[in-house]
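Source file target.txt; content: compact mmCIF, C-alpha atoms and all ligand atoms.
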```txt
# COMPACT_ATOMS: atom_id res chain seq x y z
CA MET A 1 6.33 -20.09 -20.08
CA THR A 2 8.70 -17.44 -18.66
CA ASP A 3 8.93 -16.72 -14.93
CA LYS A 4 7.51 -13.37 -13.81
CA PRO A 5 10.31 -10.97 -12.73
CA LYS A 6 10.64 -11.05 -8.94
CA ILE A 7 9.70 -7.87 -7.08
CA PRO A 8 12.57 -6.92 -4.73
CA ALA A 9 11.84 -6.65 -1.02
CA ILE A 10 13.76 -3.36 -0.99
CA ASP A 11 14.41 -1.29 -4.09
CA LEU A 12 15.85 2.15 -3.46
CA LYS A 13 17.13 4.67 -6.02
CA GLN A 14 18.71 8.13 -5.67
CA LEU A 15 17.32 8.52 -2.18
CA LYS A 16 17.93 11.79 -0.36
CA PHE A 17 16.87 12.74 3.14
CA HIS A 18 17.58 15.59 5.56
CA TYR A 19 16.07 16.58 8.89
CA ARG A 20 16.22 20.26 7.88
CA PRO A 21 17.36 22.02 4.69
CA GLY A 22 21.07 22.78 4.76
CA GLY A 23 21.70 20.32 7.62
CA TRP A 24 23.10 16.78 7.66
CA GLN A 25 22.01 14.85 4.57
CA LEU A 26 21.80 11.16 3.72
CA GLU A 27 22.25 10.27 0.04
CA LEU A 28 21.98 6.69 -1.17
CA PRO A 29 22.36 6.01 -4.90
CA GLU A 30 20.97 2.47 -4.99
CA LEU A 31 20.14 -0.53 -2.82
CA THR A 32 18.34 -3.69 -3.86
CA LEU A 33 17.58 -6.57 -1.50
CA HIS A 34 15.50 -9.60 -2.42
CA SER A 35 13.05 -11.66 -0.38
CA GLY A 36 14.78 -13.79 2.23
CA GLN A 37 18.11 -11.94 2.05
CA HIS A 38 19.68 -10.81 5.33
CA LEU A 39 21.85 -7.68 5.44
CA PHE A 40 24.05 -6.53 8.33
CA VAL A 41 24.73 -2.75 8.35
CA ARG A 42 27.52 -1.20 10.38
CA GLY A 43 28.91 2.32 10.51
CA ALA A 44 30.30 5.04 12.73
CA SER A 45 28.07 6.81 15.21
CA GLY A 46 26.15 9.54 13.38
CA SER A 47 26.70 7.97 9.92
CA GLY A 48 22.95 7.58 9.38
CA LYS A 49 22.12 3.96 10.25
CA THR A 50 19.01 4.74 12.29
CA THR A 51 17.92 7.31 9.71
CA LEU A 52 18.20 4.65 6.98
CA LEU A 53 16.10 2.19 9.01
CA ASN A 54 13.47 4.87 9.69
CA LEU A 55 13.22 5.46 5.93
CA LEU A 56 13.00 1.74 5.12
CA CYS A 57 10.10 1.22 7.51
CA GLY A 58 8.30 4.41 6.48
CA ILE A 59 8.61 6.31 9.74
CA THR A 60 10.20 9.10 7.72
CA ARG A 61 9.78 9.89 4.04
CA PRO A 62 12.65 10.71 1.67
CA VAL A 63 12.99 14.28 0.41
CA SER A 64 13.55 12.88 -3.09
CA GLY A 65 14.23 9.59 -4.87
CA GLU A 66 12.35 6.30 -4.95
CA LEU A 67 11.85 3.67 -2.27
CA PHE A 68 9.82 0.55 -3.05
CA ILE A 69 9.13 -2.02 -0.34
CA SER A 70 7.77 -5.25 -1.89
CA GLY A 71 6.55 -3.12 -4.80
CA HIS A 72 4.85 -0.49 -2.62
CA ALA A 73 6.04 3.05 -3.46
CA LEU A 74 6.77 4.18 0.09
CA HIS A 75 8.07 7.56 -1.13
CA LYS A 76 4.59 8.37 -2.49
CA LEU A 77 2.45 7.15 0.42
CA SER A 78 0.90 9.37 3.10
CA GLY A 79 1.91 8.91 6.74
CA GLY A 80 -1.26 6.89 7.45
CA ALA A 81 -0.72 4.60 4.46
CA ARG A 82 2.90 4.03 5.51
CA ASP A 83 1.75 3.17 9.07
CA SER A 84 -0.73 0.67 7.70
CA LEU A 85 1.86 -0.94 5.41
CA ARG A 86 4.26 -1.19 8.35
CA ALA A 87 1.63 -2.83 10.59
CA LYS A 88 0.91 -5.51 7.98
CA HIS A 89 4.32 -6.22 6.47
CA ILE A 90 7.22 -4.78 8.46
CA GLY A 91 8.54 -5.92 11.84
CA VAL A 92 10.58 -3.29 13.66
CA VAL A 93 12.84 -3.36 16.71
CA PHE A 94 14.09 0.11 17.59
CA GLN A 95 16.86 1.00 20.02
CA GLN A 96 14.21 2.51 22.32
CA LEU A 97 12.15 -0.75 22.03
CA ASN A 98 8.84 1.14 22.40
CA LEU A 99 7.16 -1.38 24.68
CA ILE A 100 4.07 -0.13 26.52
CA PRO A 101 5.36 -0.05 30.12
CA TYR A 102 2.08 -0.91 31.91
CA LEU A 103 1.09 -3.74 29.53
CA SER A 104 2.18 -7.30 30.31
CA VAL A 105 4.89 -9.13 28.38
CA LEU A 106 2.23 -11.17 26.59
CA ASP A 107 0.04 -8.17 25.72
CA ASN A 108 3.05 -6.22 24.43
CA THR A 109 3.95 -9.19 22.23
CA LEU A 110 0.38 -9.51 20.95
CA LEU A 111 0.09 -5.83 19.99
CA SER A 112 1.66 -6.36 16.56
CA SER A 113 -0.79 -9.12 15.61
CA HIS A 114 -3.67 -6.89 16.73
CA PHE A 115 -2.50 -4.10 14.41
CA ALA A 116 -1.91 -6.60 11.59
CA GLY A 117 -5.51 -7.87 12.04
CA GLN A 118 -4.54 -11.48 12.77
CA ASN A 119 -6.55 -14.25 14.37
CA LYS A 120 -6.37 -13.91 18.19
CA ALA A 121 -6.14 -17.57 19.19
CA GLU A 122 -3.45 -18.31 16.63
CA ALA A 123 -1.52 -15.19 17.64
CA LEU A 124 -1.65 -16.18 21.33
CA SER A 125 -0.27 -19.64 20.70
CA ARG A 126 2.48 -18.27 18.43
CA ALA A 127 3.35 -15.52 20.96
CA GLU A 128 3.78 -18.13 23.72
CA GLN A 129 6.01 -20.24 21.49
CA LEU A 130 8.19 -17.28 20.53
CA LEU A 131 8.59 -16.13 24.15
CA GLN A 132 9.57 -19.65 25.18
CA ARG A 133 12.12 -19.98 22.37
CA LEU A 134 13.61 -16.65 23.47
CA SER A 135 14.00 -18.03 27.04
CA LEU A 136 11.42 -15.69 28.56
CA GLN A 137 9.92 -18.00 31.14
CA GLN A 138 6.16 -18.24 31.68
CA SER A 139 6.40 -16.60 35.13
CA LEU A 140 7.24 -13.33 33.34
CA TRP A 141 4.39 -13.31 30.84
CA GLN A 142 1.89 -11.44 33.00
CA GLN A 143 4.48 -9.02 34.39
CA PRO A 144 4.37 -5.39 33.16
CA ALA A 145 7.12 -4.56 30.66
CA SER A 146 8.40 -1.81 32.99
CA GLU A 147 9.47 -4.50 35.49
CA LEU A 148 11.76 -6.29 33.03
CA SER A 149 15.50 -5.89 32.53
CA VAL A 150 16.55 -4.22 29.27
CA GLY A 151 17.75 -7.59 27.93
CA GLN A 152 14.35 -9.14 28.68
CA GLN A 153 12.63 -6.16 27.03
CA GLN A 154 14.77 -6.64 23.91
CA ARG A 155 13.52 -10.23 23.65
CA VAL A 156 9.88 -9.12 24.03
CA ALA A 157 10.48 -6.54 21.29
CA ILE A 158 11.78 -9.15 18.82
CA ALA A 159 8.92 -11.55 19.68
CA ARG A 160 6.46 -8.71 18.97
CA ALA A 161 8.20 -7.88 15.67
CA LEU A 162 8.24 -11.52 14.49
CA LEU A 163 4.72 -12.44 15.59
CA PRO A 164 2.79 -11.35 12.46
CA ARG A 165 5.36 -13.03 10.14
CA PRO A 166 6.56 -9.80 8.51
CA THR A 167 7.98 -9.78 4.99
CA LEU A 168 10.64 -7.28 6.12
CA LEU A 169 12.34 -7.11 9.52
CA ILE A 170 14.20 -3.96 10.53
CA ALA A 171 16.32 -4.11 13.68
CA ASP A 172 18.43 -1.35 15.24
CA GLU A 173 20.99 -2.58 17.82
CA PRO A 174 18.48 -5.12 19.15
CA THR A 175 20.93 -7.24 21.16
CA SER A 176 22.98 -4.56 22.92
CA ALA A 177 21.89 -5.60 26.44
CA LEU A 178 21.99 -9.39 26.01
CA ASP A 179 24.56 -11.77 27.47
CA SER A 180 26.22 -14.13 24.99
CA ASP A 181 23.80 -17.07 25.55
CA ASN A 182 20.71 -14.92 25.16
CA ARG A 183 22.25 -13.09 22.20
CA ASP A 184 22.91 -16.38 20.41
CA ALA A 185 19.34 -17.56 21.13
CA PHE A 186 18.01 -14.21 19.89
CA MET A 187 19.96 -14.49 16.61
CA ARG A 188 18.98 -18.14 16.10
CA VAL A 189 15.25 -17.48 16.66
CA MET A 190 15.24 -14.30 14.58
CA LEU A 191 16.99 -15.86 11.58
CA ALA A 192 15.11 -19.19 11.78
CA GLU A 193 11.82 -17.26 11.78
CA ALA A 194 13.05 -15.07 8.91
CA ASP A 195 14.04 -18.16 6.88
CA ALA A 196 10.75 -19.92 7.62
CA ASN A 197 8.79 -16.92 6.33
CA ASN A 198 11.14 -15.81 3.51
CA CYS A 199 11.52 -12.55 5.42
CA THR A 200 14.14 -9.97 4.41
CA VAL A 201 16.23 -8.65 7.29
CA VAL A 202 18.14 -5.37 7.68
CA PHE A 203 20.02 -5.42 10.97
CA VAL A 204 22.16 -2.60 12.36
CA SER A 205 24.76 -3.24 15.02
CA HIS A 206 28.15 -2.09 16.28
CA ASP A 207 28.81 -5.68 17.36
CA LYS A 208 30.93 -7.06 14.53
CA SER A 209 30.78 -10.60 15.95
CA LEU A 210 27.17 -10.70 14.71
CA GLN A 211 28.17 -10.18 11.05
CA GLN A 212 28.79 -13.91 10.60
CA TYR A 213 25.05 -14.62 10.87
CA PHE A 214 24.17 -12.60 7.75
CA HIS A 215 24.28 -13.22 3.99
CA TYR A 216 25.68 -9.72 3.37
CA GLN A 217 27.55 -7.08 5.37
CA LEU A 218 27.91 -3.44 4.30
CA ASP A 219 28.98 -0.28 6.07
CA MET A 220 27.30 3.08 5.63
CA LEU A 221 30.22 4.36 3.52
CA GLN A 222 29.68 1.52 1.04
CA LEU A 223 25.92 2.13 0.99
CA LYS A 224 26.53 5.83 0.28
CA GLN A 225 28.73 4.78 -2.67
CA GLY A 226 26.01 2.50 -4.03
CA VAL A 227 27.87 -0.78 -3.29
CA GLN A 228 25.28 -3.56 -3.59
CA PRO A 229 24.85 -6.65 -1.39
CA CYS A 230 26.20 -9.49 -3.55
N1 LIG B 1 15.62 14.04 14.81
C1 LIG B 1 16.75 14.56 14.30
N2 LIG B 1 16.82 15.88 13.97
C2 LIG B 1 17.95 16.42 13.44
N3 LIG B 1 19.08 15.70 13.20
C3 LIG B 1 19.05 14.39 13.53
C4 LIG B 1 17.92 13.76 14.09
N4 LIG B 1 18.20 12.45 14.30
C5 LIG B 1 19.47 12.28 13.88
N5 LIG B 1 19.99 13.43 13.42
C6 LIG B 1 21.33 13.62 12.86
O1 LIG B 1 21.43 12.77 11.73
C7 LIG B 1 22.70 12.15 11.66
C8 LIG B 1 22.54 10.64 11.56
O2 LIG B 1 21.97 10.17 12.77
P1 LIG B 1 21.60 8.64 12.99
O3 LIG B 1 20.90 8.54 14.29
O4 LIG B 1 20.90 8.14 11.79
O5 LIG B 1 23.06 7.99 13.07
P2 LIG B 1 23.50 6.52 13.54
O6 LIG B 1 24.49 6.03 12.53
O7 LIG B 1 22.31 5.66 13.74
O8 LIG B 1 24.21 6.83 14.91
P3 LIG B 1 24.41 5.90 16.24
O9 LIG B 1 25.32 4.76 15.83
O10 LIG B 1 25.07 6.84 17.18
O11 LIG B 1 23.05 5.45 16.69
C9 LIG B 1 23.49 12.62 12.87
O12 LIG B 1 24.36 13.65 12.46
C10 LIG B 1 22.42 13.16 13.81
O13 LIG B 1 22.89 14.24 14.55
```

If you took the structure in this file and wrote it as structure tokens, what would it be?
Amino acid sequence: MTDKPKIPAIDLKQLKFHYRPGGWQLELPELTLHSGQHLFVRGASGSGKTTLLNLLCGITRPVSGELFISGHALHKLSGGARDSLRAKHIGVVFQQLNLIPYLSVLDNTLLSSHFAGQNKAEALSRAEQLLQRLSLQQSLWQQPASELSVGQQQRVAIARALLPRPTLLIADEPTSALDSDNRDAFMRVMLAEADANNCTVVFVSHDKSLQQYFHYQLDMLQLKQGVQPC
């Protein structure tokens, strides 16, 4: 019996995107990433890193080309269908973090499992474990997110992204406000969780010291030339 061909976690071909016709354009010939692979992306300010992440998680849709996420044709899906796919399969940490300021640390963390339709009791116990592993002490759990430092908010944002065990994790400068101990804990928890769940990771940062944690490292220039992670 022959093995079925594996469906890549990310499979992108001839992708083009612009914010307005005639303006700045992102063109990516090809990118394939398999389940469980972790890619670090670097690049100059304005080179299109955030734009690429927004495309990969379906916040924006390419103008042309193909983008498959775990076999789902993201380039063909409506906005609502992309939102639903993201809620179920993609964990996201944006630069802006997007925590709800008046909700507690715990409720912010639990939001992702609510949208993914997961069991409440299981989600609560997993949320508590993740917050503990990220050194967010229990005394903070009922505090509104608006009363946290940016570094604490970054850890809540990664706990929220990891909670539903996504198949793809997209992270945009998620450790910029962390001191070295908390940054190391953040990386350890994120990558241990990714490995435990065979989750693919695309991680953008200007901090080159973080490259060592990843299977592959590419800059935006290489991605625009179609250089593959290998
Ligand atoms: N909403 C938008 N409307 C129009 N142009 C935009 C928009 N967002 C970004 N751009 C432009 O797209 C280009 C790529 O921006 P992007 O934010 O993807 O870069 P980046 O590599 O993430 O930058 P940084 O490292 O500074 O965060 C830039 O030239 C920027 O001016």

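With only C-alpha atoms as the atoms that count, the residue of A:Val156, A:Ala73, A:Ala192, A:Met220 with the shortest distance to Pro101 of chain A is A:Val156.
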
Nearest residue to Leu162 of chain A from the set A:Asn54, A:Gln138, A:Gln143, A:Asn197 (distances using all atoms listed in the file)
A:Asn197

Point out the residue among A:Ala145, A:Val204, A:Leu169, A:Leu223 with the least atom-to-atom distance to Leu97 of chain A, counting all atoms listed in the file.
A:Ala145

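Here the question is which of A:Asn119, A:Ser205, A:Asn108, A:Ser70 gets nearest to ligand LIG 1 (chain B) using all atoms listed in the file, and that residue is A:Ser205.
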
Name the residues, using the chain letters and numbers of the file, that sit within 12 Å of (6.5, 4.1, 7.7) when counting all atoms listed in the file, and give them as a PyMOL selection string.
chain A and resi 52-62+67-69+72-92+170

Output the selection as a compact mmCIF listing (two decimals), keeping the file's coordinate frame - C-alpha atoms for each residue.
```txt
# COMPACT_ATOMS: atom_id res chain seq x y z
CA LEU A 52 18.20 4.65 6.98
CA LEU A 53 16.10 2.19 9.01
CA ASN A 54 13.47 4.87 9.69
CA LEU A 55 13.22 5.46 5.93
CA LEU A 56 13.00 1.74 5.12
CA CYS A 57 10.10 1.22 7.51
CA GLY A 58 8.30 4.41 6.48
CA ILE A 59 8.61 6.31 9.74
CA THR A 60 10.20 9.10 7.72
CA ARG A 61 9.78 9.89 4.04
CA PRO A 62 12.65 10.71 1.67
CA LEU A 67 11.85 3.67 -2.27
CA PHE A 68 9.82 0.55 -3.05
CA ILE A 69 9.13 -2.02 -0.34
CA HIS A 72 4.85 -0.49 -2.62
CA ALA A 73 6.04 3.05 -3.46
CA LEU A 74 6.77 4.18 0.09
CA HIS A 75 8.07 7.56 -1.13
CA LYS A 76 4.59 8.37 -2.49
CA LEU A 77 2.45 7.15 0.42
CA SER A 78 0.90 9.37 3.10
CA GLY A 79 1.91 8.91 6.74
CA GLY A 80 -1.26 6.89 7.45
CA ALA A 81 -0.72 4.60 4.46
CA ARG A 82 2.90 4.03 5.51
CA ASP A 83 1.75 3.17 9.07
CA SER A 84 -0.73 0.67 7.70
CA LEU A 85 1.86 -0.94 5.41
CA ARG A 86 4.26 -1.19 8.35
CA ALA A 87 1.63 -2.83 10.59
CA LYS A 88 0.91 -5.51 7.98
CA HIS A 89 4.32 -6.22 6.47
CA ILE A 90 7.22 -4.78 8.46
CA GLY A 91 8.54 -5.92 11.84
CA VAL A 92 10.58 -3.29 13.66
CA ILE A 170 14.20 -3.96 10.53
```

Give me, as a list of chain:residue names, all polymer residues having an atom no more than 10 Å from Leu163 of chain A, counting only C-alpha atoms and skipping those fewer than 3 positions away in the same chain.
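Returned residues: A:Gly91, A:Thr109, A:Leu110, A:Leu111, A:Ser112, A:Ser113, A:Ala116, A:Gln118, A:Ala123, A:Leu124, A:Arg126, A:Ala127, A:Glu128, A:Gln129, A:Leu130, A:Ile158, A:Ala159, A:Arg160, A:Pro166, A:Glu193.
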
Contacts to ligand LIG 1 (chain B) at 12 Å cut-off (only C-alpha atoms and all ligand atoms) as a PyMOL selection string
chain A and resi 17-27+41-55+59-60+94-96+171-174+176+203-207+219-221

Using the atoms already present, construct N, CA and C atoms for segment 126-148 of chain A and hand them back as a PDB file, in the coordinates of the input.
```
ATOM      1  N   ARG A 126       1.183 -18.593  19.040  1.00  0.00           N
ATOM      2  CA  ARG A 126       2.480 -18.270  18.430  1.00  0.00           C
ATOM      3  C   ARG A 126       3.310 -17.357  19.360  1.00  0.00           C
ATOM      4  N   ALA A 127       2.639 -16.419  20.039  1.00  0.00           N
ATOM      5  CA  ALA A 127       3.350 -15.520  20.960  1.00  0.00           C
ATOM      6  C   ALA A 127       3.996 -16.350  22.083  1.00  0.00           C
ATOM      7  N   GLU A 128       3.240 -17.303  22.625  1.00  0.00           N
ATOM      8  CA  GLU A 128       3.780 -18.130  23.720  1.00  0.00           C
ATOM      9  C   GLU A 128       4.994 -18.929  23.246  1.00  0.00           C
ATOM     10  N   GLN A 129       4.872 -19.473  22.038  1.00  0.00           N
ATOM     11  CA  GLN A 129       6.010 -20.240  21.490  1.00  0.00           C
ATOM     12  C   GLN A 129       7.249 -19.363  21.324  1.00  0.00           C
ATOM     13  N   LEU A 130       7.045 -18.166  20.768  1.00  0.00           N
ATOM     14  CA  LEU A 130       8.190 -17.280  20.530  1.00  0.00           C
ATOM     15  C   LEU A 130       8.851 -16.881  21.846  1.00  0.00           C
ATOM     16  N   LEU A 131       8.027 -16.544  22.851  1.00  0.00           N
ATOM     17  CA  LEU A 131       8.590 -16.130  24.150  1.00  0.00           C
ATOM     18  C   LEU A 131       9.388 -17.275  24.769  1.00  0.00           C
ATOM     19  N   GLN A 132       8.856 -18.496  24.647  1.00  0.00           N
ATOM     20  CA  GLN A 132       9.570 -19.650  25.180  1.00  0.00           C
ATOM     21  C   GLN A 132      10.910 -19.849  24.473  1.00  0.00           C
ATOM     22  N   ARG A 133      10.878 -19.761  23.151  1.00  0.00           N
ATOM     23  CA  ARG A 133      12.120 -19.980  22.370  1.00  0.00           C
ATOM     24  C   ARG A 133      13.153 -18.902  22.687  1.00  0.00           C
ATOM     25  N   LEU A 134      12.689 -17.729  23.126  1.00  0.00           N
ATOM     26  CA  LEU A 134      13.610 -16.650  23.470  1.00  0.00           C
ATOM     27  C   LEU A 134      13.989 -16.679  24.958  1.00  0.00           C
ATOM     28  N   SER A 135      13.675 -17.812  25.614  1.00  0.00           N
ATOM     29  CA  SER A 135      14.000 -18.030  27.040  1.00  0.00           C
ATOM     30  C   SER A 135      13.371 -16.989  27.966  1.00  0.00           C
ATOM     31  N   LEU A 136      12.173 -16.543  27.626  1.00  0.00           N
ATOM     32  CA  LEU A 136      11.420 -15.690  28.560  1.00  0.00           C
ATOM     33  C   LEU A 136      10.399 -16.606  29.238  1.00  0.00           C
ATOM     34  N   GLN A 137      10.719 -16.977  30.491  1.00  0.00           N
ATOM     35  CA  GLN A 137       9.920 -18.000  31.140  1.00  0.00           C
ATOM     36  C   GLN A 137       8.504 -17.519  31.441  1.00  0.00           C
ATOM     37  N   GLN A 138       7.596 -18.514  31.548  1.00  0.00           N
ATOM     38  CA  GLN A 138       6.160 -18.240  31.680  1.00  0.00           C
ATOM     39  C   GLN A 138       5.844 -17.342  32.876  1.00  0.00           C
ATOM     40  N   SER A 139       6.663 -17.423  33.931  1.00  0.00           N
ATOM     41  CA  SER A 139       6.400 -16.600  35.130  1.00  0.00           C
ATOM     42  C   SER A 139       6.489 -15.104  34.824  1.00  0.00           C
ATOM     43  N   LEU A 140       7.103 -14.751  33.690  1.00  0.00           N
ATOM     44  CA  LEU A 140       7.240 -13.330  33.340  1.00  0.00           C
ATOM     45  C   LEU A 140       6.091 -12.810  32.471  1.00  0.00           C
ATOM     46  N   TRP A 141       5.297 -13.714  31.911  1.00  0.00           N
ATOM     47  CA  TRP A 141       4.390 -13.310  30.840  1.00  0.00           C
ATOM     48  C   TRP A 141       3.327 -12.307  31.270  1.00  0.00           C
ATOM     49  N   GLN A 142       2.920 -12.372  32.543  1.00  0.00           N
ATOM     50  CA  GLN A 142       1.890 -11.440  33.000  1.00  0.00           C
ATOM     51  C   GLN A 142       2.484 -10.200  33.685  1.00  0.00           C
ATOM     52  N   GLN A 143       3.795 -10.140  33.735  1.00  0.00           N
ATOM     53  CA  GLN A 143       4.480  -9.020  34.390  1.00  0.00           C
ATOM     54  C   GLN A 143       4.483  -7.785  33.463  1.00  0.00           C
ATOM     55  N   PRO A 144       4.296  -6.563  34.034  1.00  0.00           N
ATOM     56  CA  PRO A 144       4.370  -5.390  33.160  1.00  0.00           C
ATOM     57  C   PRO A 144       5.773  -5.227  32.571  1.00  0.00           C
ATOM     58  N   ALA A 145       5.835  -4.706  31.347  1.00  0.00           N
ATOM     59  CA  ALA A 145       7.120  -4.560  30.660  1.00  0.00           C
ATOM     60  C   ALA A 145       8.087  -3.696  31.457  1.00  0.00           C
ATOM     61  N   SER A 146       7.541  -2.728  32.228  1.00  0.00           N
ATOM     62  CA  SER A 146       8.400  -1.810  32.990  1.00  0.00           C
ATOM     63  C   SER A 146       9.202  -2.537  34.061  1.00  0.00           C
ATOM     64  N   GLU A 147       8.765  -3.760  34.434  1.00  0.00           N
ATOM     65  CA  GLU A 147       9.470  -4.500  35.490  1.00  0.00           C
ATOM     66  C   GLU A 147      10.498  -5.485  34.924  1.00  0.00           C
ATOM     67  N   LEU A 148      10.780  -5.388  33.636  1.00  0.00           N
ATOM     68  CA  LEU A 148      11.760  -6.290  33.030  1.00  0.00           C
ATOM     69  C   LEU A 148      13.114  -5.616  32.905  1.00  0.00           C
TER      70      LEU A 148
END
```
